[in-house]
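In what follows, a structure is listed as structure tokens, so that the remarks can point back to it.
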Amino acid sequence: MTSMRKVESNRRNASLSSGPRTQGGKLRSRRNAFRHGLASPIGNDLDERANVERLALVLSGHTNDWRRLEEARISAECYFDLQRIRNARFEVFRALGDVQTATSDQLALATRAIEKIARYERRALSKRRTALKELSV
Amino acid sequence: MNENVIEKLLSDLQMGKEMQPFVAKSIPRMLPGESELDYVNLLVLLVEDVDPQTNIEWLLLLDIASIMWEIHRYRRWKNAILYTGRKAAVATAFAKVHRGNLVAGSGSAIRAEAKMDAEAWHHDSSKRAALDAKLANGGYDADAINAEAFMESLLPVNAIENLLLSARRQVTGMLREIGVRREFALRARETIDKLYEEKIAADEEMKVIENKSN
């Protein structure tokens with residue numbers, strides 16, 4: 001059983017590490033878990049949401065059929081999602097700099113990052129394939 | 001200058017007005033050494049080849065262009081990995097054939113010298129013959145260095161090959177999708193035409209019967 005001395009010591013230590021306290025620290029730590037943002041839905045971005053709606057209307061041929069419009073919306077979302085994924089991949093390429101002078105460790109790290117991003121791409125493509133099939137029916 | 005050419009090339013593409021802003025925005029950001037004009041030329045070639053008919057086909061085509069551009073990047077990357085692997089392999093070979101290997105505790109000095117020798121082997125043609133002889137004395141010929149380079153870059157090259165394969169599959173899938181959609185549209189049109197023909201023939205037959213009875 002844990003002794004009282006140990007419990008008190010734990011409490012004291014815990015109170016010393018209760019996270020960021022200043023406004024700036026809180027703002028910074030809010031983004032600690034943020035890596036590439038690809039897991040969040042594209043609709044969270046207001047600008048992109050407007051683009052999605054515009055493209056969905058074009059793809060559906062300005063239809064009133066809600067089902068067709070919904071499939072077109074999914075296709076449009078996937079299109080912008082794919083652009084976002086390609087941007088994330090571009091950042092990896094850019095961070096690597098000149099590939100001819102990169103070390104093997106840098107290349108290996110970048111390859112791993114690209115492989116992680118590819119997972120999101122496969123998911124978006126598969127989702128769009130299904131939506132486009134429905135859209136053509 | 002390039003911007004005007006790009007604008008002209010994009011405006012020459014035969015597409016619906018509604019798709020134009022999306023096509024213009026689809027040009028990806030360029031890495032050092034890449035050019036937007038090359039990308040647009042690739043897009044123009046694809047448009048000539050595939051001849052997209054609908055907005056959905058245009059959307060798929062934009063994706064195909066992006067993926068093909070990435071395939072081009074992956075290829076550059078693979079070459080860089082092979083080049084880096086070769087450099088590392090030559091340095092390893094020089095470290096292995098170094099005479100100081102027999103002396104304990106001289107590892108870091110040997111590695112540093114081997115790295116310098118490898119750099120000279122790559123960039124200084126005047127020292128190349130002497131360094132080749134040094135490698136040959138240790139049993140390293142061109143094939144052995146190639147094998148060492150292959151081993152050095154096996155894992156990252158394999159990963160890039162997988163990415164390349166996946167990208168090529170995506171392109172093939174999208175082209176097939178366009179083909180399937182066209183086939184479907186063609187069959188649907190043929191069926192509708194046939195139904196109309198049958199309906200018109202039936203109507204005409206009815207009219208003839210009606211006229212006869214009158």
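Going through the structure tokens in order, the chains are called A, B, and so on, while each chain numbers its residues from 1 and the ligands are numbered from 1 in the order shown.
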Run DSSP on the backbone of this structure and report the residues of chain B it assigns to alpha helix (DSSP H), as a ChimeraX atom specification.
-> /B:2-12,20-25,36-50,55-96,107-123,125-137,142-152,154-213
Counting only C-alpha atoms, which residues of segment 41-62 of chain A sit at most 10 Å from some atom of segment 66-76 of chain A, and what is each one's closest atom pair with its distance in Å to one decimal, listed by chain and rising residue number, as a tab-separated table?
```
residue	atom	partner	partner_atom	distance
A:Arg49	CA	A:Ala76	CA	9.7
A:Asn51	CA	A:Ala76	CA	8.4
A:Val52	CA	A:Ala76	CA	5.3
A:Glu53	CA	A:Arg73	CA	6.6
A:Arg54	CA	A:Ala76	CA	8.7
A:Leu55	CA	A:Ala76	CA	5.8
A:Ala56	CA	A:Arg73	CA	4.6
A:Leu57	CA	A:Leu69	CA	7.0
A:Val58	CA	A:Ala72	CA	8.5
A:Leu59	CA	A:Ala72	CA	5.8
A:Ser60	CA	A:Ala72	CA	5.5
A:Gly61	CA	A:Leu69	CA	8.8
A:His62	CA	A:Leu69	CA	8.1
```
At a cut-off of 8 Å, list the chain B residues touching chain A, using only C-alpha atoms, as JSON, numbers by chain.
-> {"B": [18, 19, 26, 28, 29, 31, 32, 55, 56, 59, 76, 77, 80, 81, 83, 84, 85, 156, 159, 160, 163, 181]}
Let me see the file: selected residues, N, CA, C and O atoms, as a PDB file, in the first residue's frame.
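After the write, out20.pdb holds the following:
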```pdb
ATOM      1  N   GLU B  18     -18.185  26.521 -65.737  1.00  0.00           N
ATOM      2  CA  GLU B  18     -18.239  26.303 -64.284  1.00  0.00           C
ATOM      3  C   GLU B  18     -16.998  25.595 -63.755  1.00  0.00           C
ATOM      4  O   GLU B  18     -16.646  25.734 -62.584  1.00  0.00           O
ATOM      5  N   MET B  19     -16.367  24.810 -64.611  1.00  0.00           N
ATOM      6  CA  MET B  19     -15.201  24.034 -64.159  1.00  0.00           C
ATOM      7  C   MET B  19     -13.913  24.879 -64.178  1.00  0.00           C
ATOM      8  O   MET B  19     -12.922  24.523 -63.550  1.00  0.00           O
ATOM      9  N   SER B  26      -6.353  23.997 -59.466  1.00  0.00           N
ATOM     10  CA  SER B  26      -5.834  22.639 -59.245  1.00  0.00           C
ATOM     11  C   SER B  26      -4.312  22.554 -59.418  1.00  0.00           C
ATOM     12  O   SER B  26      -3.718  21.535 -59.096  1.00  0.00           O
ATOM     13  N   PRO B  28      -0.749  22.410 -58.557  1.00  0.00           N
ATOM     14  CA  PRO B  28      -0.135  22.252 -57.231  1.00  0.00           C
ATOM     15  C   PRO B  28       1.012  23.239 -57.003  1.00  0.00           C
ATOM     16  O   PRO B  28       1.502  23.852 -57.961  1.00  0.00           O
ATOM     17  N   ARG B  29       1.411  23.357 -55.743  1.00  0.00           N
ATOM     18  CA  ARG B  29       2.572  24.212 -55.430  1.00  0.00           C
ATOM     19  C   ARG B  29       3.820  23.515 -55.942  1.00  0.00           C
ATOM     20  O   ARG B  29       3.898  22.284 -55.932  1.00  0.00           O
ATOM     21  N   LEU B  31       7.917  22.648 -56.175  1.00  0.00           N
ATOM     22  CA  LEU B  31       9.171  22.530 -55.419  1.00  0.00           C
ATOM     23  C   LEU B  31      10.284  23.232 -56.212  1.00  0.00           C
ATOM     24  O   LEU B  31      10.116  23.478 -57.404  1.00  0.00           O
ATOM     25  N   PRO B  32      11.413  23.537 -55.556  1.00  0.00           N
ATOM     26  CA  PRO B  32      12.511  24.137 -56.318  1.00  0.00           C
ATOM     27  C   PRO B  32      12.915  23.227 -57.486  1.00  0.00           C
ATOM     28  O   PRO B  32      13.023  22.008 -57.324  1.00  0.00           O
ATOM     29  N   ASN B  55     -18.239  17.152 -66.482  1.00  0.00           N
ATOM     30  CA  ASN B  55     -17.542  17.786 -65.351  1.00  0.00           C
ATOM     31  C   ASN B  55     -16.867  16.738 -64.463  1.00  0.00           C
ATOM     32  O   ASN B  55     -15.788  16.968 -63.925  1.00  0.00           O
ATOM     33  N   ILE B  56     -17.519  15.583 -64.321  1.00  0.00           N
ATOM     34  CA  ILE B  56     -16.942  14.526 -63.487  1.00  0.00           C
ATOM     35  C   ILE B  56     -15.649  14.016 -64.132  1.00  0.00           C
ATOM     36  O   ILE B  56     -14.650  13.781 -63.453  1.00  0.00           O
ATOM     37  N   LEU B  59     -12.972  16.396 -63.417  1.00  0.00           N
ATOM     38  CA  LEU B  59     -12.504  16.265 -62.033  1.00  0.00           C
ATOM     39  C   LEU B  59     -11.501  15.117 -61.915  1.00  0.00           C
ATOM     40  O   LEU B  59     -10.438  15.254 -61.291  1.00  0.00           O
ATOM     41  N   ARG B  76      12.222  11.146 -58.864  1.00  0.00           N
ATOM     42  CA  ARG B  76      13.395  11.960 -58.495  1.00  0.00           C
ATOM     43  C   ARG B  76      13.915  11.543 -57.122  1.00  0.00           C
ATOM     44  O   ARG B  76      15.102  11.442 -56.881  1.00  0.00           O
ATOM     45  N   TRP B  77      12.959  11.284 -56.245  1.00  0.00           N
ATOM     46  CA  TRP B  77      13.287  10.895 -54.883  1.00  0.00           C
ATOM     47  C   TRP B  77      14.022   9.547 -54.867  1.00  0.00           C
ATOM     48  O   TRP B  77      15.020   9.366 -54.164  1.00  0.00           O
ATOM     49  N   ALA B  80      17.482   9.962 -55.930  1.00  0.00           N
ATOM     50  CA  ALA B  80      18.286  10.587 -54.869  1.00  0.00           C
ATOM     51  C   ALA B  80      18.679   9.558 -53.823  1.00  0.00           C
ATOM     52  O   ALA B  80      19.820   9.553 -53.337  1.00  0.00           O
ATOM     53  N   ILE B  81      17.743   8.675 -53.487  1.00  0.00           N
ATOM     54  CA  ILE B  81      18.031   7.638 -52.482  1.00  0.00           C
ATOM     55  C   ILE B  81      19.133   6.711 -53.002  1.00  0.00           C
ATOM     56  O   ILE B  81      20.067   6.357 -52.277  1.00  0.00           O
ATOM     57  N   TYR B  83      21.402   7.429 -55.162  1.00  0.00           N
ATOM     58  CA  TYR B  83      22.655   8.181 -55.193  1.00  0.00           C
ATOM     59  C   TYR B  83      23.256   8.267 -53.790  1.00  0.00           C
ATOM     60  O   TYR B  83      24.454   8.010 -53.597  1.00  0.00           O
ATOM     61  N   THR B  84      22.409   8.586 -52.793  1.00  0.00           N
ATOM     62  CA  THR B  84      22.880   8.675 -51.408  1.00  0.00           C
ATOM     63  C   THR B  84      23.375   7.302 -50.942  1.00  0.00           C
ATOM     64  O   THR B  84      24.398   7.205 -50.255  1.00  0.00           O
ATOM     65  N   GLY B  85      22.654   6.263 -51.325  1.00  0.00           N
ATOM     66  CA  GLY B  85      23.035   4.897 -50.951  1.00  0.00           C
ATOM     67  C   GLY B  85      24.391   4.537 -51.544  1.00  0.00           C
ATOM     68  O   GLY B  85      25.214   3.901 -50.891  1.00  0.00           O
ATOM     69  N   PRO B 156      14.400   2.045 -48.065  1.00  0.00           N
ATOM     70  CA  PRO B 156      13.701   3.246 -48.576  1.00  0.00           C
ATOM     71  C   PRO B 156      13.264   3.118 -50.027  1.00  0.00           C
ATOM     72  O   PRO B 156      12.184   3.592 -50.390  1.00  0.00           O
ATOM     73  N   ALA B 159      10.102   1.264 -50.145  1.00  0.00           N
ATOM     74  CA  ALA B 159       8.958   2.104 -49.736  1.00  0.00           C
ATOM     75  C   ALA B 159       8.526   3.013 -50.884  1.00  0.00           C
ATOM     76  O   ALA B 159       7.326   3.159 -51.153  1.00  0.00           O
ATOM     77  N   ILE B 160       9.495   3.605 -51.580  1.00  0.00           N
ATOM     78  CA  ILE B 160       9.158   4.500 -52.703  1.00  0.00           C
ATOM     79  C   ILE B 160       8.500   3.695 -53.828  1.00  0.00           C
ATOM     80  O   ILE B 160       7.552   4.154 -54.467  1.00  0.00           O
ATOM     81  N   LEU B 163       4.959   3.285 -53.076  1.00  0.00           N
ATOM     82  CA  LEU B 163       4.205   4.526 -53.319  1.00  0.00           C
ATOM     83  C   LEU B 163       3.977   4.724 -54.819  1.00  0.00           C
ATOM     84  O   LEU B 163       2.897   5.130 -55.246  1.00  0.00           O
ATOM     85  N   ARG B 181     -17.685   4.920 -67.266  1.00  0.00           N
ATOM     86  CA  ARG B 181     -18.751   5.939 -67.324  1.00  0.00           C
ATOM     87  C   ARG B 181     -19.186   6.182 -68.770  1.00  0.00           C
ATOM     88  O   ARG B 181     -20.360   6.334 -69.059  1.00  0.00           O
TER      89      ARG B 181
END
```
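Across the structure, atom CA of Arg28 of chain A and atom CA of Ser9 of chain A are spaced 29.1 Å apart.
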